[in-house]
$ cat final38.cif   # mmCIF, C-alpha atoms
data_input
#
loop_
_atom_site.group_PDB
_atom_site.id
_atom_site.type_symbol
_atom_site.label_atom_id
_atom_site.label_comp_id
_atom_site.auth_asym_id
_atom_site.auth_seq_id
_atom_site.Cartn_x
_atom_site.Cartn_y
_atom_site.Cartn_z
ATOM 1 C CA MET A 1 -151.838 79.269 153.849
ATOM 2 C CA MET A 2 -150.893 82.054 156.246
ATOM 3 C CA ARG A 3 -147.209 82.523 157.150
ATOM 4 C CA THR A 4 -146.521 82.563 160.873
ATOM 5 C CA CYS A 5 -143.395 83.609 162.741
ATOM 6 C CA GLU A 6 -142.030 83.931 166.249
ATOM 7 C CA VAL A 7 -141.514 87.703 166.005
ATOM 8 C CA ALA A 8 -142.920 90.387 163.704
ATOM 9 C CA ILE A 9 -141.094 93.713 163.331
ATOM 10 C CA ILE A 10 -143.381 96.558 162.305
ATOM 11 C CA GLY A 11 -141.384 99.370 160.736
ATOM 12 C CA LEU A 12 -138.029 98.749 159.087
ATOM 13 C CA GLY A 13 -136.285 102.041 159.613
ATOM 14 C CA LEU A 14 -133.043 102.220 161.536
ATOM 15 C CA MET A 15 -134.298 100.617 164.751
ATOM 16 C CA GLY A 16 -136.599 98.033 163.161
ATOM 17 C CA SER A 17 -133.962 96.906 160.651
ATOM 18 C CA SER A 18 -131.398 96.628 163.410
ATOM 19 C CA ALA A 19 -133.758 94.522 165.524
ATOM 20 C CA LEU A 20 -134.596 92.321 162.532
ATOM 21 C CA HIS A 21 -130.917 91.817 161.686
ATOM 22 C CA SER A 22 -130.017 90.917 165.279
ATOM 23 C CA LEU A 23 -132.864 88.434 165.586
ATOM 24 C CA VAL A 24 -132.066 86.748 162.269
ATOM 25 C CA ARG A 25 -128.428 86.356 163.338
ATOM 26 C CA ARG A 26 -129.685 84.583 166.472
ATOM 27 C CA GLY A 27 -131.791 82.166 164.421
ATOM 28 C CA VAL A 28 -135.183 83.634 165.358
ATOM 29 C CA ASP A 29 -138.032 83.135 162.877
ATOM 30 C CA VAL A 30 -138.813 86.794 162.179
ATOM 31 C CA LEU A 31 -140.703 88.811 159.566
ATOM 32 C CA GLY A 32 -140.366 92.542 158.948
ATOM 33 C CA PHE A 33 -143.069 94.844 157.624
ATOM 34 C CA ASP A 34 -142.841 98.422 156.399
ATOM 35 C CA PRO A 35 -145.315 100.441 154.326
ATOM 36 C CA LEU A 36 -142.513 102.064 152.311
ATOM 37 C CA ALA A 37 -140.315 100.467 149.643
ATOM 38 C CA VAL A 38 -136.554 100.197 150.086
ATOM 39 C CA GLY A 39 -134.942 103.531 149.233
ATOM 40 C CA GLU A 40 -138.189 105.481 149.577
ATOM 41 C CA SER A 41 -137.494 109.212 149.827
ATOM 42 C CA ARG A 42 -140.182 109.690 152.502
ATOM 43 C CA GLY A 43 -138.548 107.323 155.018
ATOM 44 C CA SER A 44 -136.808 108.550 158.134
ATOM 45 C CA SER A 45 -133.505 107.044 156.978
ATOM 46 C CA HIS A 46 -133.457 108.337 153.415
ATOM 47 C CA GLY A 47 -130.701 110.368 151.800
ATOM 48 C CA SER A 48 -127.046 109.836 151.012
ATOM 49 C CA CYS A 49 -125.481 110.467 154.413
ATOM 50 C CA ARG A 50 -126.009 110.040 158.146
ATOM 51 C CA VAL A 51 -125.044 111.975 161.255
ATOM 52 C CA TYR A 52 -123.610 109.931 164.100
ATOM 53 C CA ARG A 53 -123.483 111.932 167.313
ATOM 54 C CA ARG A 54 -121.023 110.470 169.771
ATOM 55 C CA PHE A 55 -121.148 113.129 172.471
ATOM 56 C CA ASN A 56 -123.832 113.177 175.111
ATOM 57 C CA PHE A 57 -123.692 115.863 177.751
ATOM 58 C CA GLU A 58 -125.867 113.970 180.242
ATOM 59 C CA SER A 59 -123.078 111.560 181.135
ATOM 60 C CA ASP A 60 -119.625 110.552 179.921
ATOM 61 C CA ALA A 61 -120.865 106.952 180.149
ATOM 62 C CA TYR A 62 -123.150 107.610 177.154
ATOM 63 C CA THR A 63 -120.234 108.851 175.075
ATOM 64 C CA ASP A 64 -118.193 105.765 176.009
ATOM 65 C CA LEU A 65 -121.134 103.516 175.157
ATOM 66 C CA SER A 66 -121.634 105.322 171.848
ATOM 67 C CA ASP A 67 -117.952 104.868 170.934
ATOM 68 C CA LYS A 68 -118.080 101.134 171.727
ATOM 69 C CA ALA A 69 -121.307 100.682 169.757
ATOM 70 C CA PHE A 70 -119.876 102.523 166.747
ATOM 71 C CA ARG A 71 -116.743 100.336 166.705
ATOM 72 C CA LYS A 72 -118.820 97.155 166.897
ATOM 73 C CA PHE A 73 -121.240 98.467 164.292
ATOM 74 C CA GLY A 74 -118.411 99.106 161.841
ATOM 75 C CA ALA A 75 -116.661 95.816 162.578
ATOM 76 C CA ARG A 76 -119.834 93.789 161.993
ATOM 77 C CA LEU A 77 -121.676 95.671 159.275
ATOM 78 C CA SER A 78 -118.893 96.915 157.001
ATOM 79 C CA PRO A 79 -117.719 93.443 155.878
ATOM 80 C CA GLN A 80 -121.343 92.381 155.288
ATOM 81 C CA ALA A 81 -121.873 95.474 153.160
ATOM 82 C CA GLY A 82 -118.705 94.772 151.166
ATOM 83 C CA GLU A 83 -116.853 97.732 152.656
ATOM 84 C CA PRO A 84 -113.540 97.815 154.522
ATOM 85 C CA SER A 85 -113.981 98.115 158.285
#
$ encode --input "final38.cif" --output "C-alpha coordinates"
Amino acid sequence: MMRTCEVAIIGLGLMGSSALHSLVRRGVDVLGFDPLAVGESRGSSHGSCRVYRRFNFESDAYTDLSDKAFRKFGARLSPQAGEPS
(Lines of atoms letter the chains of each structure in order from A and count residues from 1; the text may use other names and numbers.)
(Lines give C-alpha, C1' and ligand atoms only; values in the text may rest on other atoms or scores of the structure.)
Protein backbone atom coordinates (compact mmCIF):
# COMPACT_ATOMS: atom_id res chain seq x y z
CA MET A 1 0.00 0.00 0.00
CA MET A 2 1.34 3.42 -0.93
CA ARG A 3 1.72 6.06 1.81
CA THR A 4 0.01 9.35 1.05
CA CYS A 5 0.36 12.70 2.77
CA GLU A 6 -0.92 16.25 2.58
CA VAL A 7 2.52 17.76 1.92
CA ALA A 8 5.80 16.31 0.67
CA ILE A 9 9.07 18.16 1.33
CA ILE A 10 11.77 17.37 -1.20
CA GLY A 11 15.20 18.16 0.21
CA LEU A 12 15.85 18.19 3.95
CA GLY A 13 18.64 20.70 4.23
CA LEU A 14 18.22 23.82 6.31
CA MET A 15 15.12 25.16 4.56
CA GLY A 16 13.40 21.82 3.95
CA SER A 17 13.95 20.63 7.53
CA SER A 18 12.65 23.92 8.86
CA ALA A 19 9.53 23.67 6.70
CA LEU A 20 8.99 20.05 7.76
CA HIS A 21 9.39 20.92 11.44
CA SER A 22 6.95 23.84 11.21
CA LEU A 23 4.33 21.78 9.41
CA VAL A 24 4.59 18.88 11.85
CA ARG A 25 4.14 21.29 14.77
CA ARG A 26 0.93 22.49 13.10
CA GLY A 27 -0.40 18.94 12.77
CA VAL A 28 0.03 18.65 9.00
CA ASP A 29 0.49 15.15 7.56
CA VAL A 30 3.91 15.65 5.96
CA LEU A 31 6.72 13.47 4.61
CA GLY A 32 10.28 14.58 3.94
CA PHE A 33 12.62 13.15 1.32
CA ASP A 34 16.34 13.67 0.82
CA PRO A 35 18.82 11.64 -1.24
CA LEU A 36 21.52 11.99 1.43
CA ALA A 37 21.69 10.29 4.83
CA VAL A 38 21.67 12.31 8.05
CA GLY A 39 25.15 13.68 8.70
CA GLU A 40 26.30 13.18 5.11
CA SER A 41 29.49 15.15 4.43
CA ARG A 42 28.29 16.19 0.96
CA GLY A 43 25.20 18.03 2.23
CA SER A 44 24.93 21.80 2.23
CA SER A 45 24.57 21.86 6.02
CA HIS A 46 27.43 19.55 6.94
CA GLY A 47 30.29 20.35 9.29
CA SER A 48 30.63 21.24 12.95
CA CYS A 49 29.69 24.92 12.88
CA ARG A 50 27.43 27.47 11.20
CA VAL A 51 27.70 31.14 10.29
CA TYR A 52 24.70 33.28 11.17
CA ARG A 53 24.87 36.66 9.47
CA ARG A 54 22.68 39.20 11.20
CA PHE A 55 23.65 42.31 9.26
CA ASN A 56 22.10 43.16 5.93
CA PHE A 57 23.14 46.36 4.24
CA GLU A 58 20.04 46.58 2.03
CA SER A 59 17.84 47.67 4.92
CA ASP A 60 17.95 47.94 8.71
CA ALA A 61 14.58 46.14 8.69
CA TYR A 62 16.36 42.95 7.57
CA THR A 63 18.78 43.15 10.48
CA ASP A 64 15.88 43.66 12.91
CA LEU A 65 14.02 40.73 11.37
CA SER A 66 17.15 38.57 11.55
CA ASP A 67 17.62 39.40 15.25
CA LYS A 68 13.99 38.52 16.05
CA ALA A 69 14.19 35.27 14.08
CA PHE A 70 17.42 34.27 15.84
CA ARG A 71 15.90 34.86 19.30
CA LYS A 72 12.82 32.81 18.43
CA PHE A 73 14.96 30.11 16.84
CA GLY A 74 17.03 29.75 20.00
CA ALA A 75 14.02 29.88 22.32
CA ARG A 76 12.20 27.14 20.40
CA LEU A 77 14.94 24.85 19.17
CA SER A 78 17.45 24.83 22.04
CA PRO A 79 15.13 23.15 24.58
CA GLN A 80 14.09 20.57 21.97
CA ALA A 81 17.74 19.83 21.29
CA GLY A 82 18.47 19.47 25.01
CA GLU A 83 20.51 22.66 25.14
CA PRO A 84 20.04 25.74 27.33
CA SER A 85 18.41 28.63 25.49
$ resolve_selection --input "final38.cif" --expression "the PyMOL selection byres ((chain A and resi 15-26) around 12)" --output "PyMOL selection string"
chain A and resi 5-14+27-34+38+44-45+73+76-77+80
$ atom_distance --input "final38.cif" --atom1 "CA of Arg53 in chain A" --atom2 "CA of Lys72 in chain A"
15.5 Å
$ atom_distance --input "final38.cif" --atom1 "CA of Arg54 in chain A" --atom2 "CA of Ser78 in chain A"
18.7 Å
$ atom_distance --input "final38.cif" --atom1 "CA of Ala37 in chain A" --atom2 "CA of Arg3 in chain A"
20.6 Å
